[in-house]
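Participant: Dropping in structure.cif, which is mmCIF, C-alpha atoms:
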```
data_entry
#
loop_
_atom_site.label_atom_id
_atom_site.label_comp_id
_atom_site.auth_asym_id
_atom_site.auth_seq_id
_atom_site.Cartn_x
_atom_site.Cartn_y
_atom_site.Cartn_z
CA THR A 808 -73.59 23.68 -41.41
CA TRP A 809 -71.96 26.62 -43.06
CA GLN A 810 -73.84 29.16 -45.10
CA PHE A 811 -72.32 30.63 -48.21
CA GLY A 812 -73.67 33.87 -49.52
CA PRO A 813 -72.16 37.29 -49.97
CA TYR A 814 -69.39 36.44 -47.50
CA MET A 815 -65.90 35.59 -48.73
CA LEU A 816 -65.31 32.69 -46.33
CA GLY A 817 -68.97 32.05 -45.63
CA ALA A 818 -70.89 32.41 -42.41
CA ASP A 819 -71.22 30.25 -39.32
CA ASP A 820 -74.44 28.78 -37.92
CA GLN A 821 -75.48 32.12 -36.44
CA GLY A 822 -74.94 34.08 -39.67
CA ARG A 823 -71.71 35.83 -38.66
CA ASP A 824 -69.07 36.53 -41.31
CA VAL A 825 -66.12 34.15 -40.84
CA ALA A 826 -63.63 36.41 -42.69
CA ALA A 827 -64.43 39.38 -40.46
CA ARG A 828 -64.08 37.25 -37.34
CA LEU A 829 -60.77 35.87 -38.62
CA LEU A 830 -59.39 39.35 -39.28
CA TYR A 831 -60.56 40.64 -35.92
CA GLY A 832 -59.01 37.63 -34.15
CA GLY A 833 -55.63 38.31 -35.74
CA LEU A 834 -55.59 41.97 -34.73
CA ASN A 835 -53.54 41.50 -31.53
CA SER A 836 -51.07 39.17 -33.25
CA LEU A 837 -50.55 41.62 -36.07
CA LEU A 838 -50.18 44.49 -33.57
CA ILE A 839 -47.57 42.54 -31.59
CA GLY A 840 -45.69 41.52 -34.75
CA THR A 841 -45.62 44.98 -36.31
CA THR A 842 -44.80 46.96 -33.17
CA SER A 843 -42.11 44.57 -31.98
CA THR A 844 -40.59 44.64 -35.46
CA LEU A 845 -40.34 48.43 -35.31
CA ILE A 846 -38.82 48.31 -31.81
CA CYS A 847 -36.39 45.56 -32.86
CA LEU A 848 -35.31 47.40 -36.01
CA PHE A 849 -34.82 50.68 -34.15
CA LEU A 850 -32.66 49.09 -31.43
CA ALA A 851 -30.75 46.91 -33.91
CA THR A 852 -30.04 49.85 -36.21
CA LEU A 853 -28.85 51.94 -33.29
CA LEU A 854 -26.59 49.22 -31.88
CA GLY A 855 -25.31 47.93 -35.23
CA THR A 856 -24.57 51.39 -36.61
CA PHE A 857 -22.77 52.69 -33.54
CA SER A 858 -20.75 49.54 -32.95
CA GLY A 859 -19.77 49.22 -36.60
CA PHE A 860 -18.87 52.85 -37.12
CA PHE A 861 -17.09 53.73 -33.90
CA GLY A 862 -15.43 50.34 -33.34
CA GLY A 863 -12.97 49.83 -30.50
CA MET A 864 -14.41 49.40 -27.03
CA ILE A 865 -17.97 50.26 -28.13
CA ASP A 866 -17.89 47.52 -30.76
CA THR A 867 -16.46 45.01 -28.29
CA VAL A 868 -19.05 45.71 -25.61
CA VAL A 869 -22.02 45.73 -28.01
CA SER A 870 -20.80 42.59 -29.80
CA ARG A 871 -20.39 40.69 -26.52
CA LEU A 872 -23.82 41.85 -25.34
CA LEU A 873 -25.35 40.63 -28.60
CA ASP A 874 -23.42 37.35 -28.26
CA VAL A 875 -24.93 36.80 -24.82
CA LEU A 876 -28.42 37.40 -26.20
CA TRP A 877 -27.68 35.20 -29.20
CA ALA A 878 -26.44 32.34 -27.00
CA PHE A 879 -29.92 31.62 -25.65
CA PRO A 880 -32.61 30.02 -27.79
CA ILE A 881 -35.20 32.62 -28.76
CA PHE A 882 -38.24 31.03 -27.21
CA PHE A 883 -36.38 30.06 -24.03
CA LEU A 884 -35.20 33.63 -23.54
CA ALA A 885 -38.63 35.11 -24.33
CA ILE A 886 -40.42 32.72 -21.97
CA SER A 887 -37.93 33.27 -19.15
CA LEU A 888 -38.18 37.06 -19.56
CA SER A 889 -41.96 36.88 -19.48
CA ILE A 890 -41.90 34.69 -16.36
CA VAL A 891 -39.61 37.14 -14.58
CA LEU A 892 -41.69 40.17 -15.60
CA ILE A 893 -45.18 38.63 -15.34
CA ASN A 894 -45.87 39.90 -11.81
CA LYS A 895 -43.92 43.14 -11.99
CA SER A 896 -44.44 46.40 -13.77
CA ILE A 897 -41.59 48.01 -15.68
CA SER A 898 -40.87 51.68 -15.05
CA LEU A 899 -38.81 53.49 -17.67
CA GLY A 900 -38.84 57.03 -16.36
CA PRO A 901 -42.32 58.46 -16.84
CA ILE A 902 -43.48 55.35 -18.73
CA THR A 903 -44.86 52.43 -16.70
CA ILE A 904 -45.77 49.12 -18.33
CA ASN A 905 -48.06 46.97 -16.20
CA SER A 906 -47.74 43.20 -16.18
CA GLY A 907 -51.12 42.68 -17.89
CA SER A 908 -50.40 45.15 -20.66
CA LEU A 909 -49.98 44.13 -24.29
CA TRP A 910 -46.79 46.23 -24.37
CA LEU A 911 -44.94 43.67 -22.23
CA PRO A 912 -44.89 40.89 -24.87
CA ILE A 913 -44.22 43.52 -27.55
CA LEU A 914 -41.07 44.70 -25.72
CA ILE A 915 -39.92 41.17 -24.89
CA VAL A 916 -40.24 39.91 -28.45
CA GLY A 917 -38.72 43.11 -29.85
CA ILE A 918 -35.65 42.83 -27.61
CA VAL A 919 -35.13 39.09 -28.12
CA TYR A 920 -34.73 39.43 -31.91
CA VAL A 921 -32.29 42.39 -31.84
CA PRO A 922 -29.07 40.33 -32.31
CA TYR A 923 -30.39 38.71 -35.48
CA VAL A 924 -30.85 42.10 -37.11
CA ALA A 925 -27.98 44.06 -35.53
CA ARG A 926 -25.28 41.71 -36.81
CA PRO A 927 -25.97 42.19 -40.54
CA ILE A 928 -26.36 45.94 -40.04
CA ARG A 929 -23.03 46.08 -38.17
CA GLY A 930 -21.37 44.11 -40.98
CA GLN A 931 -22.70 46.47 -43.62
CA VAL A 932 -21.59 49.51 -41.62
CA LEU A 933 -18.10 48.00 -41.29
CA SER A 934 -18.05 47.53 -45.05
CA LEU A 935 -19.29 51.06 -45.72
CA LYS A 936 -16.76 52.51 -43.30
CA GLN A 937 -14.00 51.30 -45.61
CA SER A 938 -15.52 52.91 -48.73
CA GLU A 939 -13.97 55.89 -50.43
CA PHE A 940 -16.79 58.37 -49.84
CA VAL A 941 -16.63 57.79 -46.07
CA HIS A 942 -12.84 58.18 -46.12
CA ALA A 943 -13.28 61.39 -48.12
CA SER A 944 -15.79 62.72 -45.56
CA ILE A 945 -13.46 61.86 -42.70
CA GLY A 946 -10.56 63.53 -44.56
CA LEU A 947 -12.61 66.69 -45.03
CA GLY A 948 -13.26 66.84 -41.28
CA VAL A 949 -17.00 66.11 -41.42
CA PRO A 950 -18.35 65.33 -37.93
CA ALA A 951 -19.16 61.69 -37.15
CA TYR A 952 -22.89 62.29 -36.65
CA ARG A 953 -23.14 63.85 -40.10
CA ILE A 954 -21.29 60.95 -41.71
CA LEU A 955 -23.68 58.56 -39.98
CA LEU A 956 -26.78 60.50 -41.06
CA ARG A 957 -25.73 61.42 -44.60
CA ASP A 958 -23.47 58.57 -45.72
CA ILE A 959 -24.00 55.45 -43.63
CA LEU A 960 -27.73 55.34 -42.77
CA PRO A 961 -29.02 55.92 -46.34
CA ASN A 962 -26.90 53.00 -47.52
CA VAL A 963 -27.99 50.78 -44.62
CA SER A 964 -31.67 51.65 -45.09
CA THR A 965 -32.08 49.05 -47.86
CA THR A 966 -31.08 46.31 -45.45
CA ILE A 967 -33.49 47.67 -42.84
CA ILE A 968 -36.31 47.81 -45.40
CA VAL A 969 -35.66 44.18 -46.34
CA PHE A 970 -35.86 43.16 -42.68
CA VAL A 971 -39.30 44.79 -42.14
CA PRO A 972 -41.49 42.19 -43.92
CA LEU A 973 -39.24 39.34 -42.82
CA MET A 974 -39.51 40.29 -39.16
CA ILE A 975 -43.24 41.02 -39.32
CA CYS A 976 -43.86 37.64 -40.90
CA LEU A 977 -41.58 35.89 -38.41
CA LEU A 978 -43.06 37.63 -35.38
CA TYR A 979 -46.64 37.32 -36.62
CA THR A 980 -46.39 33.56 -37.06
CA SER A 981 -44.35 32.78 -33.95
CA PRO A 982 -46.14 32.45 -30.63
CA SER A 983 -45.79 35.37 -28.26
CA PRO A 984 -44.45 34.81 -24.72
CA ARG A 985 -48.01 35.15 -23.43
CA ASP A 986 -49.37 32.20 -25.50
#
```
Can you turn what I pasted into structure tokens?
Facilitator:
Amino acid sequence: TWQFGPYMLGADDQGRDVAARLLYGGLNSLLIGTTSTLICLFLATLLGTFSGFFGGMIDTVVSRLLDVLWAFPIFFLAISLSIVLINKSISLGPITINSGSLWLPILIVGIVYVPYVARPIRGQVLSLKQSEFVHASIGLGVPAYRILLRDILPNVSTTIIVFVPLMICLLYTSPSPRD
């Protein structure tokens, strides 16, 4: 039997608050969803902005790499990456991620969703590259990094901000490769 008292969702048979236990149980899922969203948005912004702005060979290579990632179903790719990396540790210079670490599913999920965010960002950068203020900056001889930081990224930031709650919600509700 459940007890209702000062608790929002009541208490269990032993008098423990159900709402507090529910929030504590969702802590790892929310951590995985939020952190992998930030990793995904950082990588997608980097890839989408550079490939859209510089074009040419960079755009071709990045687009084909994203197409390869996009060709696999999300859960199939995430599960196969977790199976490959489950018994190994990843070393990225001074950073080592052990196989039992929570950072492994965070990285896997963050990388798997990059093509779904990088494509719209690339499209918006391609559109902004054709605008008059970017042509004026190029005509004035402004360096490319300054055009990216002052003209392109502020206009792309609205798209990135829209993706934050969408990705957190998507990644929070989807099962992680460890489940």
Participant: Care to translate the PyMOL selection byres ((chain A and resi 866) around 12) into actual residues of this file, as a ChimeraX atom specification?
Facilitator: /A:854-865,867-874,925-926,929-930,932-933
Participant: Which residues fall under the PyMOL selection byres ((chain A and resi 905-919) around 7) in this file, as a PDB file with C-alpha atoms, keeping the file's coordinate frame?
Facilitator:
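Writing done, so here's expr.pdb:
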```
ATOM      1  CA  ILE A 839     -47.570  42.540 -31.590  1.00  0.00           C
ATOM      2  CA  THR A 842     -44.800  46.960 -33.170  1.00  0.00           C
ATOM      3  CA  SER A 843     -42.110  44.570 -31.980  1.00  0.00           C
ATOM      4  CA  THR A 844     -40.590  44.640 -35.460  1.00  0.00           C
ATOM      5  CA  ILE A 846     -38.820  48.310 -31.810  1.00  0.00           C
ATOM      6  CA  CYS A 847     -36.390  45.560 -32.860  1.00  0.00           C
ATOM      7  CA  ILE A 881     -35.200  32.620 -28.760  1.00  0.00           C
ATOM      8  CA  ALA A 885     -38.630  35.110 -24.330  1.00  0.00           C
ATOM      9  CA  LEU A 888     -38.180  37.060 -19.560  1.00  0.00           C
ATOM     10  CA  LEU A 892     -41.690  40.170 -15.600  1.00  0.00           C
ATOM     11  CA  ILE A 893     -45.180  38.630 -15.340  1.00  0.00           C
ATOM     12  CA  ASN A 894     -45.870  39.900 -11.810  1.00  0.00           C
ATOM     13  CA  LYS A 895     -43.920  43.140 -11.990  1.00  0.00           C
ATOM     14  CA  SER A 896     -44.440  46.400 -13.770  1.00  0.00           C
ATOM     15  CA  ILE A 897     -41.590  48.010 -15.680  1.00  0.00           C
ATOM     16  CA  THR A 903     -44.860  52.430 -16.700  1.00  0.00           C
ATOM     17  CA  ILE A 904     -45.770  49.120 -18.330  1.00  0.00           C
ATOM     18  CA  TYR A 920     -34.730  39.430 -31.910  1.00  0.00           C
ATOM     19  CA  VAL A 921     -32.290  42.390 -31.840  1.00  0.00           C
ATOM     20  CA  SER A 983     -45.790  35.370 -28.260  1.00  0.00           C
ATOM     21  CA  PRO A 984     -44.450  34.810 -24.720  1.00  0.00           C
ATOM     22  CA  ARG A 985     -48.010  35.150 -23.430  1.00  0.00           C
TER      23      ARG A 985
END
```
Participant: Written as a list of chain:residue names, what is the full residue list that the PyMOL selection byres ((chain A and resi 975) around 10) yields on the file shown?
Facilitator: A:Leu837, A:Leu838, A:Ile839, A:Gly840, A:Thr841, A:Thr842, A:Ser843, A:Thr844, A:Leu845, A:Phe970, A:Val971, A:Pro972, A:Leu973, A:Met974, A:Cys976, A:Leu977, A:Leu978, A:Tyr979, A:Thr980, A:Ser981
Participant: Figure out the distance between CA of Leu960 in chain A and CA of Val875 in chain A, please, to one decimal in Å.
Facilitator: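 One can read the CA of Val875 in chain A to CA of Leu960 in chain A distance as 26.0 Å.
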Participant: I want to know what sits within 10 Å of Val941 in chain A, based on all atoms listed in the file, with residues of the same chain fewer than 3 positions away left out; could you give that as an MDAnalysis selection string?
Facilitator: chainID A and resid 935:938 944:947 949 954:955 957:959
Participant: CA of Trp877 in chain A to CA of Ala951 in chain A: how many Å, to one decimal?
Facilitator: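 Between CA of Trp877 in chain A and CA of Ala951 in chain A the gap works out to 28.9 Å.
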Participant: Near Ala827 in chain A, within 12 Å and counting only C-alpha atoms, which residues show up once chain neighbours fewer than 6 positions away are dropped, as a PDB file with C-alpha atoms, in the frame of the given file?
Facilitator:
```pdb
ATOM      1  CA  TYR A 814     -69.390  36.440 -47.500  1.00  0.00           C
ATOM      2  CA  MET A 815     -65.900  35.590 -48.730  1.00  0.00           C
ATOM      3  CA  LEU A 816     -65.310  32.690 -46.330  1.00  0.00           C
ATOM      4  CA  GLY A 817     -68.970  32.050 -45.630  1.00  0.00           C
ATOM      5  CA  ALA A 818     -70.890  32.410 -42.410  1.00  0.00           C
ATOM      6  CA  ASP A 819     -71.220  30.250 -39.320  1.00  0.00           C
ATOM      7  CA  GLY A 833     -55.630  38.310 -35.740  1.00  0.00           C
ATOM      8  CA  LEU A 834     -55.590  41.970 -34.730  1.00  0.00           C
TER       9      LEU A 834
END
```
Participant: As an exercise, work out the distance from CA of Tyr831 in chain A to CA of Ile890 in chain A in Å and give it to one decimal place.
Facilitator: 27.7 Å
Participant: Between A:Val963, A:Leu956, A:Val969, A:Val924, which one has atoms that come closest to Leu848 in chain A, using only C-alpha atoms?
Facilitator: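 Smallest distance to Leu848 in chain A is found for A:Val924.
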Participant: Let me know the centre plus edge lengths, in Å and rounded to one decimal, of a box with edges along x, y and z that contains all listed atoms of range 957-972 of chain A and is padded by 3 Å on every side, as AutoDock Vina command-line options.
Facilitator:
```
--center_x -32.5 --center_y 51.8 --center_z -45.0 --size_x 24.0 --size_y 25.2 --size_z 11.7
```
Participant: Between A:Ser887, A:Thr965, A:Pro880, A:Val825, which residue has the minimum interatomic distance to Pro922 in chain A, considering all atoms listed in the file?
Facilitator: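 Of all the options, A:Pro880 lies closest to Pro922 in chain A.
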Participant: Could you rebuild range 901-912 of chain A with all heavy atoms and give me the result as a short mmCIF file (atom, residue, chain, number, x, y, z; two decimals), keeping the file's coordinate frame?
Facilitator:
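Heads up, here's the output in part.cif:
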```
data_model
loop_
_atom_site.label_atom_id
_atom_site.label_comp_id
_atom_site.auth_asym_id
_atom_site.auth_seq_id
_atom_site.Cartn_x
_atom_site.Cartn_y
_atom_site.Cartn_z
N PRO A 901 -40.90 58.16 -17.00
CA PRO A 901 -42.32 58.46 -16.84
C PRO A 901 -43.24 57.38 -17.39
O PRO A 901 -44.43 57.39 -17.17
CB PRO A 901 -42.49 59.77 -17.63
CG PRO A 901 -41.43 59.71 -18.67
CD PRO A 901 -40.27 59.00 -18.01
N ILE A 902 -42.68 56.40 -18.11
CA ILE A 902 -43.48 55.35 -18.73
C ILE A 902 -43.50 54.13 -17.82
O ILE A 902 -42.46 53.64 -17.40
CB ILE A 902 -42.89 54.95 -20.10
CG1 ILE A 902 -42.88 56.16 -21.03
CG2 ILE A 902 -43.68 53.81 -20.72
CD1 ILE A 902 -42.12 55.93 -22.31
N THR A 903 -44.70 53.64 -17.51
CA THR A 903 -44.86 52.43 -16.70
C THR A 903 -45.65 51.41 -17.50
O THR A 903 -46.72 51.72 -18.03
CB THR A 903 -45.60 52.75 -15.39
OG1 THR A 903 -44.85 53.74 -14.68
CG2 THR A 903 -45.74 51.51 -14.54
N ILE A 904 -45.11 50.20 -17.61
CA ILE A 904 -45.77 49.12 -18.33
C ILE A 904 -46.22 48.11 -17.29
O ILE A 904 -45.40 47.48 -16.61
CB ILE A 904 -44.83 48.48 -19.36
CG1 ILE A 904 -44.38 49.53 -20.38
CG2 ILE A 904 -45.51 47.31 -20.04
CD1 ILE A 904 -43.32 49.06 -21.32
N ASN A 905 -47.52 47.92 -17.16
CA ASN A 905 -48.06 46.97 -16.20
C ASN A 905 -47.89 45.55 -16.72
O ASN A 905 -47.73 45.31 -17.92
CB ASN A 905 -49.54 47.26 -15.95
CG ASN A 905 -49.74 48.59 -15.27
OD1 ASN A 905 -48.91 49.02 -14.49
ND2 ASN A 905 -50.83 49.26 -15.60
N SER A 906 -47.98 44.58 -15.81
CA SER A 906 -47.74 43.20 -16.18
C SER A 906 -48.83 42.65 -17.09
O SER A 906 -48.58 41.75 -17.87
CB SER A 906 -47.63 42.33 -14.92
OG SER A 906 -48.83 42.38 -14.20
N GLY A 907 -50.04 43.16 -17.04
CA GLY A 907 -51.12 42.68 -17.89
C GLY A 907 -51.23 43.41 -19.20
O GLY A 907 -52.11 43.13 -20.00
N SER A 908 -50.34 44.34 -19.46
CA SER A 908 -50.40 45.15 -20.66
C SER A 908 -49.91 44.37 -21.88
O SER A 908 -49.08 43.47 -21.77
CB SER A 908 -49.54 46.40 -20.47
OG SER A 908 -49.46 47.13 -21.67
N LEU A 909 -50.42 44.74 -23.04
CA LEU A 909 -49.98 44.13 -24.29
C LEU A 909 -48.58 44.61 -24.67
O LEU A 909 -47.90 43.98 -25.48
CB LEU A 909 -50.98 44.45 -25.40
CG LEU A 909 -50.89 43.69 -26.69
CD1 LEU A 909 -51.05 42.20 -26.42
CD2 LEU A 909 -51.92 44.16 -27.67
N TRP A 910 -48.12 45.71 -24.07
CA TRP A 910 -46.79 46.23 -24.37
C TRP A 910 -45.68 45.34 -23.82
O TRP A 910 -44.56 45.37 -24.33
CB TRP A 910 -46.64 47.65 -23.82
CG TRP A 910 -47.35 48.64 -24.68
CD1 TRP A 910 -48.56 49.19 -24.44
CD2 TRP A 910 -46.89 49.15 -25.92
NE1 TRP A 910 -48.90 50.03 -25.47
CE2 TRP A 910 -47.88 50.04 -26.39
CE3 TRP A 910 -45.76 48.96 -26.68
CZ2 TRP A 910 -47.76 50.72 -27.59
CZ3 TRP A 910 -45.63 49.65 -27.87
CH2 TRP A 910 -46.64 50.51 -28.31
N LEU A 911 -45.97 44.55 -22.80
CA LEU A 911 -44.94 43.67 -22.23
C LEU A 911 -44.48 42.61 -23.24
O LEU A 911 -43.28 42.48 -23.48
CB LEU A 911 -45.44 43.04 -20.94
CG LEU A 911 -44.40 42.26 -20.14
CD1 LEU A 911 -43.29 43.18 -19.68
CD2 LEU A 911 -45.05 41.60 -18.95
N PRO A 912 -45.38 41.83 -23.86
CA PRO A 912 -44.89 40.89 -24.87
C PRO A 912 -44.31 41.59 -26.09
O PRO A 912 -43.39 41.06 -26.73
CB PRO A 912 -46.12 40.05 -25.24
CG PRO A 912 -47.27 40.76 -24.73
CD PRO A 912 -46.81 41.63 -23.61
#
```
